[in-house]
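Peer 1: Next up is a structure, given as structure tokens.
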Amino acid sequence: MKFITQLAAVAVLASGTQAVMAHHSTNGIYDQAVELELTGTVKGWKFINPHPSLTLTVVDEKGVEHDWDVSYGGSAVAHLKRRGYSIDTFKVGDQLKVKGHPALVKDAYGLLIEGGNPTHADGTPLALTPPGQ
Amino acid sequence: MKLNALKLAGLLLLPGSALLLGSPAASAASGDVPNISGVWQWGRCMDGGPGISCMLLEEDDARLTDRAKALRDALDEAAAPKYDCAPMSIPHMWTDPYSHQIDQFDDRIVFTYGKDDVVRTAWLPNSNHKKPAVNEYLYFGDSTARYEGGALIVETTHFAFDPQGLNADFRLASSTQKKVVERYTLEGNDLVLEVTTTDPFFLNKPWVYKIKSARDPEELALPWACDQEGAREILKLMPPKYPNDPTVVRLPAD
């Protein structure tokens, strides 16, 4: 497992998904100027409303494990179902890679996914099948 | 199935129970009565502006009173009811990207929303609905409905004071004096909803917008069943607004 931080400011990542308003705003929660790529092990996957959440255990450069709360922002179960997600999408122990913006509160270990879906740790896409396809 | 949100409105019905109320077709088929029963997709602004902007009051919107801005700055985001699974009331609720269902009955209109298990009832003039008592204020207010010139008009008052009543993302509150008027018409196969919101405490002029929805071939994905622990999860990412105050320990999830 590896941990990569890109501290260089980047523009907001292009997102292939429709902007979603919902339960809360992510304004002021995540650092939109920083892009982070994490590779880690799935510790938990909650396919719940108001927002599904993924917990990823990541080992940092010092060898210390941290549990990252990976958020899909305002997306709810219904939105992720349309993208092919389900309660079985992730299993504990799966190795994933995910890109996004870290929480402004550094010790909180939160990440807002941007630019699509997580991938398997080797970069291959998840097998997501939206309804009707 | 968690339906706590329903208890907040006082005048609510489960979607399935709508079938017991009479014949929807009987009230939606004649004269000035538009047939708007069915499931409708999330509405989009008709003013030509970007996205859903017409439905959102911005943080410093010119229509906000100084009182609204002062309260916005004082309110602690973490205290917002949404983190306990409380739904957003109208008009902010329409900004959320979910379909809704309308059922027209002889004495009432039932609105079921695809988020937060919200069901509102608007009472037609021939109903036996009693106005709320003078000291009774409701999360979704008290709604009456009438048909007029091919439109369904719903007027709602008696809202409870709501710290997220005008915009739940920017801490824009609404008062007991909020009034929301919905005007539903058909434009071809589409549903047009014009919303007029007034609140003399927090708006210096009426806030009016129009949105258009297409019919949705899919049923609503209910129940919403909000997970209270999940709703609170993001709070740990928020720096405290009042760090000198004791740390807030919320009541256990239901």
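Identifiers in this document derive from the order of the structure tokens: chains are assigned A, B, ..., residues are numbered from 1 separately in each chain, and ligands are numbered from 1 in order of occurrence.
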Write out as an MDAnalysis selection string the set of residues from region 70-107 of chain A that DSSP, computed on the backbone, places in alpha helix (DSSP H).
Peer 2: chainID A and resid 77:82
Peer 1: Can you spit out the residues from that selection as an mmCIF file, in the first residue's frame, using C-alpha atoms?
Peer 2:
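Final output, saved to again_1.cif:
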```cif
data_model
loop_
_atom_site.group_PDB
_atom_site.id
_atom_site.type_symbol
_atom_site.label_atom_id
_atom_site.label_comp_id
_atom_site.auth_asym_id
_atom_site.auth_seq_id
_atom_site.Cartn_x
_atom_site.Cartn_y
_atom_site.Cartn_z
ATOM 1 C CA VAL A 77 -28.224 5.742 -2.552
ATOM 2 C CA ALA A 78 -30.525 6.456 -5.495
ATOM 3 C CA HIS A 79 -27.814 8.433 -7.311
ATOM 4 C CA LEU A 80 -25.143 5.778 -6.845
ATOM 5 C CA LYS A 81 -27.547 3.018 -7.886
ATOM 6 C CA ARG A 82 -27.924 4.799 -11.214
#
```
Peer 1: Which residues of chain B are close to chain A, meaning at most 9 Å apart when you count only C-alpha atoms, and how do they look as a short mmCIF file (atom, residue, chain, number, x, y, z; two decimals) with N, CA and C atoms, in the first residue's frame?
Peer 2:
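File iface.cif, as written:
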```cif
data_model
loop_
_atom_site.label_atom_id
_atom_site.label_comp_id
_atom_site.auth_asym_id
_atom_site.auth_seq_id
_atom_site.Cartn_x
_atom_site.Cartn_y
_atom_site.Cartn_z
N LYS B 82 -30.55 19.08 9.96
CA LYS B 82 -30.31 18.06 8.93
C LYS B 82 -29.33 16.98 9.41
N TYR B 83 -28.45 17.32 10.35
CA TYR B 83 -27.49 16.32 10.83
C TYR B 83 -28.13 15.31 11.79
N CYS B 85 -31.07 14.01 10.68
CA CYS B 85 -31.99 13.43 9.71
C CYS B 85 -33.26 14.25 9.51
N PRO B 87 -35.68 16.59 7.71
CA PRO B 87 -35.74 16.96 6.29
C PRO B 87 -35.64 18.47 6.11
N MET B 88 -35.43 18.88 4.87
CA MET B 88 -35.49 20.30 4.55
C MET B 88 -36.92 20.64 4.19
N MET B 93 -36.46 22.43 -0.22
CA MET B 93 -36.55 21.01 -0.57
C MET B 93 -36.51 20.76 -2.08
N THR B 95 -34.71 22.02 -4.26
CA THR B 95 -33.38 22.04 -4.88
C THR B 95 -32.75 20.65 -4.91
N ASP B 96 -33.27 19.75 -4.11
CA ASP B 96 -32.66 18.42 -4.05
C ASP B 96 -33.04 17.58 -5.27
N PRO B 97 -32.10 16.82 -5.78
CA PRO B 97 -32.29 16.13 -7.07
C PRO B 97 -33.06 14.82 -6.96
N TYR B 98 -34.32 14.94 -6.61
CA TYR B 98 -35.16 13.75 -6.48
C TYR B 98 -36.51 13.99 -7.14
N LYS B 115 -37.12 12.03 -1.22
CA LYS B 115 -36.06 12.19 -0.22
C LYS B 115 -36.69 12.40 1.15
N ASP B 116 -36.05 11.86 2.14
CA ASP B 116 -36.41 12.13 3.54
C ASP B 116 -37.78 11.60 3.95
N ALA B 168 -30.57 25.43 3.42
CA ALA B 168 -29.96 24.57 4.44
C ALA B 168 -28.44 24.51 4.31
N ASP B 169 -27.90 25.00 3.19
CA ASP B 169 -26.45 24.97 3.04
C ASP B 169 -25.80 26.24 3.56
N PHE B 170 -26.56 27.32 3.61
CA PHE B 170 -25.98 28.61 4.00
C PHE B 170 -26.59 29.14 5.29
N ALA B 221 -38.03 5.81 -5.18
CA ALA B 221 -37.23 4.81 -4.46
C ALA B 221 -37.38 5.05 -2.96
N TRP B 224 -36.75 6.21 2.21
CA TRP B 224 -35.45 6.88 2.26
C TRP B 224 -34.64 6.32 3.43
N ALA B 225 -35.29 6.17 4.58
CA ALA B 225 -34.67 5.55 5.76
C ALA B 225 -33.33 6.17 6.11
N CYS B 226 -33.37 7.42 6.46
CA CYS B 226 -32.14 8.14 6.81
C CYS B 226 -31.41 7.45 7.97
N ASP B 227 -30.12 7.29 7.81
CA ASP B 227 -29.28 6.70 8.85
C ASP B 227 -28.68 7.84 9.67
N GLN B 228 -29.09 7.93 10.94
CA GLN B 228 -28.70 9.10 11.72
C GLN B 228 -27.19 9.17 11.95
N GLY B 230 -24.98 8.04 9.94
CA GLY B 230 -24.43 8.46 8.66
C GLY B 230 -24.61 9.94 8.41
N ALA B 231 -25.77 10.45 8.81
CA ALA B 231 -26.05 11.88 8.62
C ALA B 231 -25.09 12.74 9.42
N GLU B 233 -21.95 11.88 10.19
CA GLU B 233 -20.56 11.52 9.97
C GLU B 233 -19.68 12.70 9.57
N ILE B 234 -20.22 13.58 8.75
CA ILE B 234 -19.39 14.68 8.24
C ILE B 234 -19.06 15.70 9.33
N LYS B 236 -17.52 15.39 11.98
CA LYS B 236 -16.16 15.29 12.52
C LYS B 236 -15.14 16.00 11.63
N LEU B 237 -15.57 16.37 10.42
CA LEU B 237 -14.67 17.10 9.53
C LEU B 237 -14.80 18.61 9.68
N MET B 238 -15.73 19.04 10.53
CA MET B 238 -15.97 20.48 10.69
C MET B 238 -15.22 21.01 11.89
N PRO B 239 -14.44 22.06 11.68
CA PRO B 239 -13.84 22.70 12.85
C PRO B 239 -14.93 23.35 13.69
#
```
Peer 1: Considering only C-alpha atoms, return as number ranges by chain whatever protein or nucleic-acid residues lie within 10 Å of Ala127 (chain A), sequence-local ones (same chain, fewer than 2 positions apart) excluded.
Peer 2: A: 84-85, 89, 119-120, 124-125, 129-130
Peer 1: So the first atom is CA of Val110 (chain B) and the second is CA of Leu124 (chain B); what is the distance between them in Å, to one decimal place?
Peer 2: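 For CA of Val110 (chain B) relative to CA of Leu124 (chain B), the distance reads 10.7 Å.
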Peer 1: Taking the backbone alone, and naming residues the way the document does, which bits of region 42-156 of chain B are strand (DSSP E or B) by DSSP, as a ChimeraX atom specification?
Peer 2: /B:44-45,64,100-104,108-113,119-123,138,142-148,151-156
Peer 1: Using only N, CA and C atoms, please write the residues we just selected to a file, as a compact mmCIF listing (two decimals), in the first residue's frame.
Peer 2:
```txt
# COMPACT_ATOMS: atom_id res chain seq x y z
N ARG B 44 -36.30 21.75 -13.24
CA ARG B 44 -35.18 22.61 -13.66
C ARG B 44 -35.68 24.03 -13.90
N CYS B 45 -34.82 24.98 -13.63
CA CYS B 45 -35.18 26.40 -13.73
C CYS B 45 -35.59 26.77 -15.16
N LEU B 64 -31.98 38.99 0.86
CA LEU B 64 -31.90 38.71 2.30
C LEU B 64 -31.88 40.00 3.11
N HIS B 100 -40.70 13.50 -7.40
CA HIS B 100 -41.78 13.56 -6.42
C HIS B 100 -43.06 13.07 -7.07
N GLN B 101 -43.99 12.67 -6.24
CA GLN B 101 -45.25 12.13 -6.73
C GLN B 101 -46.40 13.01 -6.26
N ILE B 102 -47.35 13.24 -7.17
CA ILE B 102 -48.55 14.00 -6.83
C ILE B 102 -49.75 13.07 -6.97
N ASP B 103 -50.60 13.07 -5.96
CA ASP B 103 -51.86 12.32 -6.02
C ASP B 103 -53.01 13.28 -5.74
N GLN B 104 -53.92 13.40 -6.71
CA GLN B 104 -55.07 14.30 -6.56
C GLN B 104 -56.29 13.50 -6.10
N ARG B 108 -58.24 16.46 -1.21
CA ARG B 108 -56.86 16.77 -0.84
C ARG B 108 -55.89 16.44 -1.98
N ILE B 109 -54.74 17.03 -1.89
CA ILE B 109 -53.64 16.69 -2.79
C ILE B 109 -52.52 16.15 -1.91
N VAL B 110 -51.96 15.03 -2.30
CA VAL B 110 -50.87 14.44 -1.51
C VAL B 110 -49.58 14.49 -2.34
N PHE B 111 -48.57 15.09 -1.75
CA PHE B 111 -47.26 15.19 -2.39
C PHE B 111 -46.29 14.25 -1.65
N THR B 112 -45.68 13.37 -2.37
CA THR B 112 -44.70 12.45 -1.78
C THR B 112 -43.36 12.72 -2.44
N TYR B 113 -42.34 12.91 -1.62
CA TYR B 113 -41.03 13.27 -2.15
C TYR B 113 -40.06 12.10 -2.06
N VAL B 119 -43.99 13.45 3.14
CA VAL B 119 -45.30 13.46 2.49
C VAL B 119 -46.04 14.69 3.00
N ARG B 120 -46.49 15.51 2.09
CA ARG B 120 -47.27 16.71 2.46
C ARG B 120 -48.69 16.53 1.96
N THR B 121 -49.62 17.07 2.70
CA THR B 121 -51.01 17.07 2.26
C THR B 121 -51.50 18.51 2.15
N ALA B 122 -52.11 18.83 1.02
CA ALA B 122 -52.74 20.15 0.83
C ALA B 122 -54.24 19.92 0.70
N TRP B 123 -54.99 20.65 1.51
CA TRP B 123 -56.42 20.37 1.66
C TRP B 123 -57.26 21.25 0.75
N LEU B 138 -45.93 24.11 12.31
CA LEU B 138 -45.56 22.80 11.77
C LEU B 138 -44.34 22.92 10.87
N ASP B 142 -48.99 24.46 7.19
CA ASP B 142 -50.36 23.99 6.94
C ASP B 142 -50.74 24.42 5.53
N SER B 143 -51.12 23.45 4.71
CA SER B 143 -51.33 23.74 3.28
C SER B 143 -52.79 23.61 2.88
N THR B 144 -53.27 24.59 2.17
CA THR B 144 -54.59 24.51 1.54
C THR B 144 -54.41 24.60 0.04
N ALA B 145 -55.35 24.02 -0.69
CA ALA B 145 -55.22 23.97 -2.15
C ALA B 145 -56.53 24.39 -2.81
N ARG B 146 -56.42 24.86 -4.03
CA ARG B 146 -57.62 25.16 -4.83
C ARG B 146 -57.23 25.08 -6.30
N TYR B 147 -58.24 24.85 -7.12
CA TYR B 147 -58.04 24.88 -8.58
C TYR B 147 -58.53 26.21 -9.10
N GLU B 148 -57.76 26.79 -10.01
CA GLU B 148 -58.10 28.12 -10.50
C GLU B 148 -57.55 28.28 -11.91
N ALA B 151 -55.06 25.77 -13.08
CA ALA B 151 -53.88 25.60 -12.22
C ALA B 151 -54.29 25.04 -10.86
N LEU B 152 -53.37 24.31 -10.26
CA LEU B 152 -53.52 23.93 -8.85
C LEU B 152 -52.69 24.92 -8.04
N ILE B 153 -53.32 25.54 -7.09
CA ILE B 153 -52.62 26.52 -6.25
C ILE B 153 -52.62 26.03 -4.81
N VAL B 154 -51.44 25.98 -4.24
CA VAL B 154 -51.28 25.52 -2.86
C VAL B 154 -50.67 26.66 -2.04
N GLU B 155 -51.33 27.01 -0.96
CA GLU B 155 -50.80 28.07 -0.08
C GLU B 155 -50.46 27.45 1.27
N THR B 156 -49.27 27.75 1.75
CA THR B 156 -48.81 27.15 3.01
C THR B 156 -48.35 28.23 3.97
```
Peer 1: Quick one, how far is CA of Trp42 (chain B) from CA of Ser213 (chain B)?
Peer 2: 6.1 Å
Peer 1: Excluding Val195 (chain B) and any residue of its chain fewer than 2 positions from it, enumerate the residues within 7 Å of it, using only C-alpha atoms, and give them as a compact mmCIF listing (two decimals) with N, CA and C atoms, in the first residue's frame.
Peer 2:
```txt
# COMPACT_ATOMS: atom_id res chain seq x y z
N VAL B 180 -45.54 30.22 1.58
CA VAL B 180 -45.11 29.66 0.29
C VAL B 180 -46.35 29.38 -0.55
N VAL B 181 -46.34 29.91 -1.76
CA VAL B 181 -47.45 29.66 -2.70
C VAL B 181 -46.91 28.87 -3.88
N GLU B 182 -47.49 27.72 -4.12
CA GLU B 182 -47.11 26.88 -5.26
C GLU B 182 -48.21 26.96 -6.30
N ARG B 183 -47.83 27.14 -7.55
CA ARG B 183 -48.82 27.18 -8.65
C ARG B 183 -48.40 26.14 -9.68
N LEU B 193 -44.00 24.41 -12.16
CA LEU B 193 -44.26 24.83 -10.78
C LEU B 193 -43.67 26.22 -10.58
N THR B 197 -42.20 32.74 -2.43
CA THR B 197 -41.93 32.67 -0.98
C THR B 197 -41.80 34.08 -0.43
N VAL B 208 -39.39 34.58 -6.17
CA VAL B 208 -40.25 33.87 -7.12
C VAL B 208 -39.39 33.11 -8.12
N TYR B 209 -39.73 31.87 -8.35
CA TYR B 209 -39.06 31.14 -9.43
C TYR B 209 -40.01 30.12 -10.05
N LYS B 210 -39.63 29.67 -11.24
CA LYS B 210 -40.44 28.73 -11.99
C LYS B 210 -39.56 27.56 -12.42
```
Peer 1: For CA of Arg72 (chain B) and CA of Leu203 (chain B), quote the distance in Å rounded to one decimal.
Peer 2: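 Between CA of Arg72 (chain B) and CA of Leu203 (chain B) the gap works out to 13.0 Å.
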Peer 1: Calculated over only C-alpha atoms, which of the candidates A:Ser86, A:Gln95, A:Gln133, A:Gln32 has the smallest distance to Leu56 (chain A)?
Peer 2: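 Of A:Ser86, A:Gln95, A:Gln133, A:Gln32, the one nearest Leu56 (chain A), counting only C-alpha atoms, is A:Gln95.
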Peer 1: Just the residues within 7 Å of Asp162 (chain B), please, counting only C-alpha atoms, with nothing from its chain fewer than 6 positions along; format it as an mmCIF file with N, CA and C atoms, in the first residue's frame.
Peer 2:
```
data_model
loop_
_atom_site.group_PDB
_atom_site.id
_atom_site.type_symbol
_atom_site.label_atom_id
_atom_site.label_comp_id
_atom_site.auth_asym_id
_atom_site.auth_seq_id
_atom_site.Cartn_x
_atom_site.Cartn_y
_atom_site.Cartn_z
ATOM 1 N N ALA B 173 -32.342 31.108 7.599
ATOM 2 C CA ALA B 173 -33.508 30.686 8.370
ATOM 3 C C ALA B 173 -34.805 31.225 7.779
ATOM 4 N N SER B 174 -35.911 30.642 8.237
ATOM 5 C CA SER B 174 -37.226 31.207 7.929
ATOM 6 C C SER B 174 -38.023 31.299 9.220
ATOM 7 N N SER B 175 -38.990 32.207 9.223
ATOM 8 C CA SER B 175 -39.736 32.501 10.448
ATOM 9 C C SER B 175 -41.139 31.895 10.398
#
```
Peer 1: When you count only C-alpha atoms, which of these residues is closest to Gly100 (chain A): A:Leu126, A:Val58, A:Ile113, A:Ile87?
Peer 2: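 Of A:Leu126, A:Val58, A:Ile113, A:Ile87, the one nearest Gly100 (chain A), counting only C-alpha atoms, is A:Ile113.
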